[in-house]
Amino acid sequence: MHNLRTYRYETHLHTYPVSKCAHKGVREALLFYKVLGYDGVFITNHFIDGNINMDRSSPYEALINFYFSDYEEGVKIGEEIGISVFCGVELSYKGTDFLVYGLDKEWFLSHSEICDMKKSQQLQLFRDNGALVIQAHPFREASYIDHIRLFPRCVDGVEIYNGGCTEFENEMAERYADQYSLLHFSGTDFHGVKKKYLCGIETQKIITDVNDFVDIIKSNKAICFKE
Ligand SMILES: [Zn+2]
Ligand SMILES: [Zn+2]
């Protein structure tokens, strides 16, 4: 008999205090997903080039240590309450955002040169190091975004579903992904308050670590959901 159970993951989640704009602490955010029956979450706070809740002129090492602190707390709480917690990163470039999966704290601590690179070079370096790079909500229109910027040759995929986007913005993202043969990806962009939708991915196989996840997405084996 086939095992028909699927596994459900949030791929795009912000927590407080690391993301300045998040409204829930790590425990509260994890409990929210645990109650909904999710198998795991990826904590993707705003990186040191974005809305991190720390003076961005602080030393690089201190910024990286703070950046990973919510994730580290999340791993402990996740073990306690029974939900898998993985790490991602959300980078920003003038309102254009990228999700990066598969690089850990040690990697970032030893690659401070990323601060001196332009976005396209950074994204290339991440991918050369095996990371999965996704452009988040590529067609979002908002007061903080001056204009839409696309990086079709620098990413593996795009969010075709983002919980903060309109139907139109999500549909444009899906058309864009298909025209450029980019991977489909889905995440809520949860900040602790209700979004239009909950978005994420479902897999046939349980995800045990972030490399597993990167392989599943790159081989197109995940299902994107929005509800
Ligand atoms: Zn935010
Ligand atoms: Zn986000």
# chains A, B, ... in the order shown; residues from 1 in each chain; ligands from 1
>>> residues_around(residues="Ile114 in chain A", least_positions_apart="3", cutoff="12 Å", atoms="only C-alpha atoms", output="mmCIF file with N, CA and C atoms, in the first residue's frame")
data_model
loop_
_atom_site.group_PDB
_atom_site.id
_atom_site.type_symbol
_atom_site.label_atom_id
_atom_site.label_comp_id
_atom_site.auth_asym_id
_atom_site.auth_seq_id
_atom_site.Cartn_x
_atom_site.Cartn_y
_atom_site.Cartn_z
ATOM 1 N N PHE A 47 17.479 39.709 6.603
ATOM 2 C CA PHE A 47 18.927 39.605 6.808
ATOM 3 C C PHE A 47 19.531 40.971 7.161
ATOM 4 N N ILE A 48 20.842 41.007 7.254
ATOM 5 C CA ILE A 48 21.547 42.212 7.719
ATOM 6 C C ILE A 48 21.520 43.346 6.690
ATOM 7 N N ASP A 49 20.978 43.045 5.494
ATOM 8 C CA ASP A 49 20.778 44.092 4.489
ATOM 9 C C ASP A 49 19.319 44.557 4.473
ATOM 10 N N TYR A 60 30.156 42.847 11.613
ATOM 11 C CA TYR A 60 29.536 41.762 10.837
ATOM 12 C C TYR A 60 29.264 40.539 11.704
ATOM 13 N N LEU A 91 17.004 38.077 1.950
ATOM 14 C CA LEU A 91 17.833 39.241 1.630
ATOM 15 C C LEU A 91 16.995 40.315 0.971
ATOM 16 N N TRP A 107 28.773 29.310 7.468
ATOM 17 C CA TRP A 107 29.031 29.780 6.107
ATOM 18 C C TRP A 107 29.021 31.309 6.078
ATOM 19 N N PHE A 108 28.001 31.907 6.672
ATOM 20 C CA PHE A 108 27.917 33.374 6.652
ATOM 21 C C PHE A 108 29.051 34.005 7.458
ATOM 22 N N LEU A 109 29.413 33.374 8.590
ATOM 23 C CA LEU A 109 30.513 33.943 9.401
ATOM 24 C C LEU A 109 31.809 33.979 8.600
ATOM 25 N N SER A 110 32.007 33.030 7.712
ATOM 26 C CA SER A 110 33.266 32.992 6.958
ATOM 27 C C SER A 110 33.149 33.644 5.572
ATOM 28 N N HIS A 111 32.042 34.332 5.315
ATOM 29 C CA HIS A 111 31.883 34.997 4.003
ATOM 30 C C HIS A 111 31.433 36.447 4.131
ATOM 31 N N MET A 117 29.526 42.924 -2.250
ATOM 32 C CA MET A 117 29.122 42.444 -3.579
ATOM 33 C C MET A 117 27.786 43.059 -3.979
ATOM 34 N N LYS A 118 27.590 43.213 -5.283
ATOM 35 C CA LYS A 118 26.254 43.609 -5.722
ATOM 36 C C LYS A 118 25.351 42.376 -5.678
ATOM 37 N N LYS A 119 24.037 42.600 -5.738
ATOM 38 C CA LYS A 119 23.088 41.506 -5.481
ATOM 39 C C LYS A 119 23.293 40.340 -6.442
ATOM 40 N N SER A 120 23.469 40.632 -7.714
ATOM 41 C CA SER A 120 23.592 39.539 -8.678
ATOM 42 C C SER A 120 24.821 38.678 -8.374
ATOM 43 N N GLN A 121 25.909 39.292 -7.912
ATOM 44 C CA GLN A 121 27.120 38.525 -7.556
ATOM 45 C C GLN A 121 26.891 37.687 -6.308
ATOM 46 N N GLN A 122 26.223 38.301 -5.319
ATOM 47 C CA GLN A 122 25.902 37.556 -4.093
ATOM 48 C C GLN A 122 25.090 36.316 -4.430
ATOM 49 N N LEU A 123 24.040 36.516 -5.232
ATOM 50 C CA LEU A 123 23.143 35.407 -5.550
ATOM 51 C C LEU A 123 23.904 34.297 -6.264
ATOM 52 N N GLN A 124 24.827 34.695 -7.149
ATOM 53 C CA GLN A 124 25.645 33.707 -7.862
ATOM 54 C C GLN A 124 26.523 32.922 -6.890
ATOM 55 N N LEU A 125 27.114 33.644 -5.928
ATOM 56 C CA LEU A 125 27.970 32.972 -4.936
ATOM 57 C C LEU A 125 27.151 31.962 -4.121
ATOM 58 N N PHE A 126 25.957 32.371 -3.696
ATOM 59 C CA PHE A 126 25.107 31.452 -2.920
ATOM 60 C C PHE A 126 24.822 30.186 -3.735
#
>>> residues_around(residues="Phe68 in chain A", least_positions_apart="6", cutoff="12 Å", atoms="only C-alpha atoms", output="list in words")
Thr15, Tyr16, Pro17, Val18, Ser19, Ile43, Thr44, Asn45, His46, Phe47, Ile48, Ile52, Glu61, Ala62, Gly74, Val75, Phe86, Cys87, Gly88, Val89, Leu103, Asp104, Lys105, Glu106, Trp107, Phe108 and Leu109 of chain A
>>> atom_distance(atom1="CA of Val214 in chain A", atom2="CA of Glu174 in chain A")
19.9 Å
>>> residues_near_ligand(ligand="ligand 2", cutoff="9 Å", atoms="only C-alpha atoms and all ligand atoms", output="list in words")
His12, Leu13, His14, Thr44, Asn45, His46, Glu90, Leu91, Asp97, Phe98, Leu99, Ala136, His137, Gly187, Thr188, Asp189, Phe190 and His191 of chain A
>>> residues_around(residues="Glu10 in chain A", least_positions_apart="2", cutoff="12 Å", atoms="only C-alpha atoms", output="PDB file with N, CA and C atoms, in the first residue's frame")
ATOM      1  N   TYR A   7       3.499  15.908   3.826  1.00  0.00           N
ATOM      2  CA  TYR A   7       4.105  16.703   4.901  1.00  0.00           C
ATOM      3  C   TYR A   7       4.030  18.166   4.517  1.00  0.00           C
ATOM      4  N   ARG A   8       3.689  18.987   5.490  1.00  0.00           N
ATOM      5  CA  ARG A   8       3.395  20.385   5.192  1.00  0.00           C
ATOM      6  C   ARG A   8       4.403  21.313   5.886  1.00  0.00           C
ATOM      7  N   HIS A  12       8.386  30.535   4.627  1.00  0.00           N
ATOM      8  CA  HIS A  12       8.686  31.976   4.675  1.00  0.00           C
ATOM      9  C   HIS A  12       8.039  32.571   5.927  1.00  0.00           C
ATOM     10  N   LEU A  13       8.821  32.661   6.981  1.00  0.00           N
ATOM     11  CA  LEU A  13       8.302  33.034   8.297  1.00  0.00           C
ATOM     12  C   LEU A  13       9.249  34.015   9.002  1.00  0.00           C
ATOM     13  N   HIS A  14       8.678  35.092   9.512  1.00  0.00           N
ATOM     14  CA  HIS A  14       9.452  36.089  10.269  1.00  0.00           C
ATOM     15  C   HIS A  14       9.108  36.003  11.754  1.00  0.00           C
ATOM     16  N   ALA A  29       5.058  31.870  17.315  1.00  0.00           N
ATOM     17  CA  ALA A  29       4.983  31.567  15.877  1.00  0.00           C
ATOM     18  C   ALA A  29       4.996  30.059  15.655  1.00  0.00           C
ATOM     19  N   LEU A  30       5.852  29.354  16.379  1.00  0.00           N
ATOM     20  CA  LEU A  30       5.930  27.898  16.201  1.00  0.00           C
ATOM     21  C   LEU A  30       4.652  27.214  16.674  1.00  0.00           C
ATOM     22  N   PHE A  32       1.697  28.485  16.598  1.00  0.00           N
ATOM     23  CA  PHE A  32       0.695  28.769  15.566  1.00  0.00           C
ATOM     24  C   PHE A  32       0.701  27.659  14.500  1.00  0.00           C
ATOM     25  N   TYR A  33       1.890  27.293  14.023  1.00  0.00           N
ATOM     26  CA  TYR A  33       1.997  26.262  12.986  1.00  0.00           C
ATOM     27  C   TYR A  33       1.796  24.856  13.533  1.00  0.00           C
ATOM     28  N   LYS A  34       2.214  24.642  14.764  1.00  0.00           N
ATOM     29  CA  LYS A  34       2.021  23.323  15.393  1.00  0.00           C
ATOM     30  C   LYS A  34       0.521  23.010  15.499  1.00  0.00           C
ATOM     31  N   LEU A  36      -1.832  24.115  13.694  1.00  0.00           N
ATOM     32  CA  LEU A  36      -2.388  23.873  12.353  1.00  0.00           C
ATOM     33  C   LEU A  36      -1.958  22.517  11.783  1.00  0.00           C
ATOM     34  N   GLY A  37      -1.076  21.821  12.491  1.00  0.00           N
ATOM     35  CA  GLY A  37      -0.674  20.484  12.053  1.00  0.00           C
ATOM     36  C   GLY A  37       0.496  20.446  11.089  1.00  0.00           C
ATOM     37  N   TYR A  38       1.237  21.546  10.979  1.00  0.00           N
ATOM     38  CA  TYR A  38       2.408  21.563  10.099  1.00  0.00           C
ATOM     39  C   TYR A  38       3.503  20.639  10.646  1.00  0.00           C
ATOM     40  N   ASP A  39       4.307  20.116   9.726  1.00  0.00           N
ATOM     41  CA  ASP A  39       5.434  19.274  10.119  1.00  0.00           C
ATOM     42  C   ASP A  39       6.687  20.098  10.371  1.00  0.00           C
ATOM     43  N   GLY A  40       6.767  21.267   9.755  1.00  0.00           N
ATOM     44  CA  GLY A  40       7.956  22.088   9.978  1.00  0.00           C
ATOM     45  C   GLY A  40       7.825  23.488   9.420  1.00  0.00           C
ATOM     46  N   VAL A  41       8.769  24.317   9.794  1.00  0.00           N
ATOM     47  CA  VAL A  41       8.823  25.706   9.304  1.00  0.00           C
ATOM     48  C   VAL A  41      10.275  26.077   9.012  1.00  0.00           C
ATOM     49  N   PHE A  42      10.412  27.029   8.118  1.00  0.00           N
ATOM     50  CA  PHE A  42      11.716  27.649   7.854  1.00  0.00           C
ATOM     51  C   PHE A  42      11.628  29.079   8.378  1.00  0.00           C
ATOM     52  N   ILE A  43      12.481  29.403   9.328  1.00  0.00           N
ATOM     53  CA  ILE A  43      12.525  30.777   9.830  1.00  0.00           C
ATOM     54  C   ILE A  43      13.403  31.572   8.869  1.00  0.00           C
ATOM     55  N   THR A  44      12.793  32.561   8.223  1.00  0.00           N
ATOM     56  CA  THR A  44      13.485  33.353   7.183  1.00  0.00           C
ATOM     57  C   THR A  44      13.404  34.830   7.546  1.00  0.00           C
ATOM     58  N   ILE A  83       7.880  20.164  16.391  1.00  0.00           N
ATOM     59  CA  ILE A  83       7.777  20.680  15.015  1.00  0.00           C
ATOM     60  C   ILE A  83       9.209  20.934  14.533  1.00  0.00           C
ATOM     61  N   SER A  84       9.490  20.573  13.274  1.00  0.00           N
ATOM     62  CA  SER A  84      10.854  20.756  12.766  1.00  0.00           C
ATOM     63  C   SER A  84      11.100  22.221  12.433  1.00  0.00           C
ATOM     64  N   VAL A  85      12.266  22.708  12.785  1.00  0.00           N
ATOM     65  CA  VAL A  85      12.606  24.103  12.519  1.00  0.00           C
ATOM     66  C   VAL A  85      13.904  24.147  11.709  1.00  0.00           C
ATOM     67  N   PHE A  86      13.810  24.795  10.548  1.00  0.00           N
ATOM     68  CA  PHE A  86      14.957  24.929   9.661  1.00  0.00           C
ATOM     69  C   PHE A  86      15.227  26.411   9.434  1.00  0.00           C
ATOM     70  N   CYS A  87      16.361  26.665   8.777  1.00  0.00           N
ATOM     71  CA  CYS A  87      16.753  28.059   8.594  1.00  0.00           C
ATOM     72  C   CYS A  87      16.802  28.446   7.132  1.00  0.00           C
ATOM     73  N   GLY A  88      16.354  29.642   6.864  1.00  0.00           N
ATOM     74  CA  GLY A  88      16.545  30.275   5.570  1.00  0.00           C
ATOM     75  C   GLY A  88      16.948  31.712   5.837  1.00  0.00           C
ATOM     76  N   TYR A 161       3.181  31.786  -5.038  1.00  0.00           N
ATOM     77  CA  TYR A 161       2.188  32.106  -4.015  1.00  0.00           C
ATOM     78  C   TYR A 161       2.912  32.772  -2.860  1.00  0.00           C
ATOM     79  N   ASN A 162       2.449  33.947  -2.506  1.00  0.00           N
ATOM     80  CA  ASN A 162       2.936  34.646  -1.316  1.00  0.00           C
ATOM     81  C   ASN A 162       1.696  35.146  -0.602  1.00  0.00           C
ATOM     82  N   GLY A 163       1.649  34.893   0.712  1.00  0.00           N
ATOM     83  CA  GLY A 163       0.442  35.193   1.484  1.00  0.00           C
ATOM     84  C   GLY A 163       0.106  36.664   1.575  1.00  0.00           C
ATOM     85  N   PHE A 185       7.563  28.172  -6.215  1.00  0.00           N
ATOM     86  CA  PHE A 185       7.805  28.158  -4.776  1.00  0.00           C
ATOM     87  C   PHE A 185       6.643  28.890  -4.104  1.00  0.00           C
ATOM     88  N   SER A 186       6.441  28.607  -2.814  1.00  0.00           N
ATOM     89  CA  SER A 186       5.275  29.156  -2.124  1.00  0.00           C
ATOM     90  C   SER A 186       5.565  29.360  -0.649  1.00  0.00           C
ATOM     91  N   GLY A 187       5.228  30.524  -0.128  1.00  0.00           N
ATOM     92  CA  GLY A 187       5.428  30.803   1.298  1.00  0.00           C
ATOM     93  C   GLY A 187       4.523  31.934   1.755  1.00  0.00           C
ATOM     94  N   THR A 188       4.152  31.896   3.023  1.00  0.00           N
ATOM     95  CA  THR A 188       3.200  32.882   3.538  1.00  0.00           C
ATOM     96  C   THR A 188       3.801  34.270   3.717  1.00  0.00           C
ATOM     97  N   ASP A 189       5.081  34.334   4.095  1.00  0.00           N
ATOM     98  CA  ASP A 189       5.664  35.613   4.516  1.00  0.00           C
ATOM     99  C   ASP A 189       4.990  36.042   5.828  1.00  0.00           C
ATOM    100  N   PHE A 190       4.808  35.055   6.707  1.00  0.00           N
ATOM    101  CA  PHE A 190       4.085  35.285   7.959  1.00  0.00           C
ATOM    102  C   PHE A 190       4.888  36.209   8.882  1.00  0.00           C
ATOM    103  N   TYR A 197      -3.652  34.714   2.748  1.00  0.00           N
ATOM    104  CA  TYR A 197      -3.618  33.264   2.611  1.00  0.00           C
ATOM    105  C   TYR A 197      -2.489  32.701   3.466  1.00  0.00           C
ATOM    106  N   LEU A 198      -2.596  31.395   3.712  1.00  0.00           N
ATOM    107  CA  LEU A 198      -1.445  30.641   4.189  1.00  0.00           C
ATOM    108  C   LEU A 198      -0.906  29.901   2.976  1.00  0.00           C
ATOM    109  N   CYS A 199       0.382  30.058   2.740  1.00  0.00           N
ATOM    110  CA  CYS A 199       1.005  29.434   1.573  1.00  0.00           C
ATOM    111  C   CYS A 199       2.190  28.611   2.050  1.00  0.00           C
ATOM    112  N   GLY A 200       2.509  27.577   1.322  1.00  0.00           N
ATOM    113  CA  GLY A 200       3.657  26.761   1.703  1.00  0.00           C
ATOM    114  C   GLY A 200       3.809  25.613   0.741  1.00  0.00           C
ATOM    115  N   ILE A 201       4.576  24.625   1.173  1.00  0.00           N
ATOM    116  CA  ILE A 201       4.782  23.466   0.298  1.00  0.00           C
ATOM    117  C   ILE A 201       4.411  22.175   1.021  1.00  0.00           C
ATOM    118  N   GLU A 202       4.028  21.199   0.202  1.00  0.00           N
ATOM    119  CA  GLU A 202       3.773  19.851   0.705  1.00  0.00           C
ATOM    120  C   GLU A 202       4.704  18.884  -0.010  1.00  0.00           C
ATOM    121  N   THR A 203       5.168  17.924   0.747  1.00  0.00           N
ATOM    122  CA  THR A 203       6.094  16.932   0.185  1.00  0.00           C
ATOM    123  C   THR A 203       5.561  15.524   0.470  1.00  0.00           C
ATOM    124  N   ILE A 207      10.905  15.998   5.594  1.00  0.00           N
ATOM    125  CA  ILE A 207      12.162  16.742   5.419  1.00  0.00           C
ATOM    126  C   ILE A 207      12.968  16.651   6.716  1.00  0.00           C
ATOM    127  N   PHE A 213      15.582  19.481   1.734  1.00  0.00           N
ATOM    128  CA  PHE A 213      14.594  20.430   1.222  1.00  0.00           C
ATOM    129  C   PHE A 213      15.057  21.042  -0.107  1.00  0.00           C
ATOM    130  N   CYS A 224       3.131  23.203  -4.335  1.00  0.00           N
ATOM    131  CA  CYS A 224       2.876  24.514  -3.738  1.00  0.00           C
ATOM    132  C   CYS A 224       1.400  24.597  -3.363  1.00  0.00           C
ATOM    133  N   PHE A 225       1.095  25.070  -2.157  1.00  0.00           N
ATOM    134  CA  PHE A 225      -0.319  25.258  -1.819  1.00  0.00           C
ATOM    135  C   PHE A 225      -0.577  26.692  -1.361  1.00  0.00           C
ATOM    136  N   LYS A 226      -1.825  27.100  -1.513  1.00  0.00           N
ATOM    137  CA  LYS A 226      -2.288  28.418  -1.075  1.00  0.00           C
ATOM    138  C   LYS A 226      -3.722  28.223  -0.639  1.00  0.00           C
TER     139      LYS A 226
END
>>> closest_residue(among="A:Ala173, A:Val193, A:Leu4, A:Leu182", to="ligand 1", atoms="only C-alpha atoms and all ligand atoms")
A:Val193
>>> select_by_dssp(residues="range 112-185 of chain A", states="strand (DSSP E or B)", output="VMD selection string")
chain A and resid 132 to 135 157 to 162 183 to 185
>>> write_last_selection(atoms="N, CA and C atoms", output="compact mmCIF listing (two decimals), in the first residue's frame")
# COMPACT_ATOMS: atom_id res chain seq x y z
N LEU A 132 19.72 27.19 -2.56
CA LEU A 132 18.52 27.41 -3.37
C LEU A 132 18.18 28.90 -3.23
N VAL A 133 18.05 29.60 -4.37
CA VAL A 133 17.75 31.03 -4.34
C VAL A 133 16.41 31.28 -5.03
N ILE A 134 15.51 31.92 -4.28
CA ILE A 134 14.15 32.18 -4.75
C ILE A 134 13.89 33.68 -4.69
N GLN A 135 13.33 34.26 -5.74
CA GLN A 135 12.89 35.65 -5.59
C GLN A 135 11.52 35.62 -4.93
N GLY A 157 14.22 29.94 -8.60
CA GLY A 157 12.77 29.92 -8.67
C GLY A 157 12.16 31.19 -8.12
N VAL A 158 10.83 31.25 -8.14
CA VAL A 158 10.12 32.41 -7.61
C VAL A 158 8.92 31.95 -6.79
N GLU A 159 8.54 32.79 -5.86
CA GLU A 159 7.30 32.54 -5.11
C GLU A 159 6.13 32.81 -6.06
N ILE A 160 5.43 31.76 -6.43
CA ILE A 160 4.21 31.96 -7.23
C ILE A 160 3.03 32.21 -6.30
N TYR A 161 3.18 31.79 -5.04
CA TYR A 161 2.19 32.11 -4.01
C TYR A 161 2.91 32.77 -2.86
N ASN A 162 2.45 33.95 -2.51
CA ASN A 162 2.94 34.65 -1.32
C ASN A 162 1.70 35.15 -0.60
N LEU A 183 11.67 27.55 -11.10
CA LEU A 183 10.93 26.68 -10.18
C LEU A 183 9.79 27.44 -9.51
N HIS A 184 8.73 26.72 -9.23
CA HIS A 184 7.61 27.28 -8.46
C HIS A 184 7.91 27.13 -6.97
N PHE A 185 7.56 28.17 -6.21
CA PHE A 185 7.80 28.16 -4.78
C PHE A 185 6.64 28.89 -4.10
>>> select_by_dssp(residues="range 123-187 of chain A", states="helix (DSSP H, G or I)", output="JSON, numbers by chain")
{"A": [123, 124, 125, 126, 127, 128, 167, 168, 169, 170, 171, 172, 173, 174, 175, 176, 177, 178, 179]}
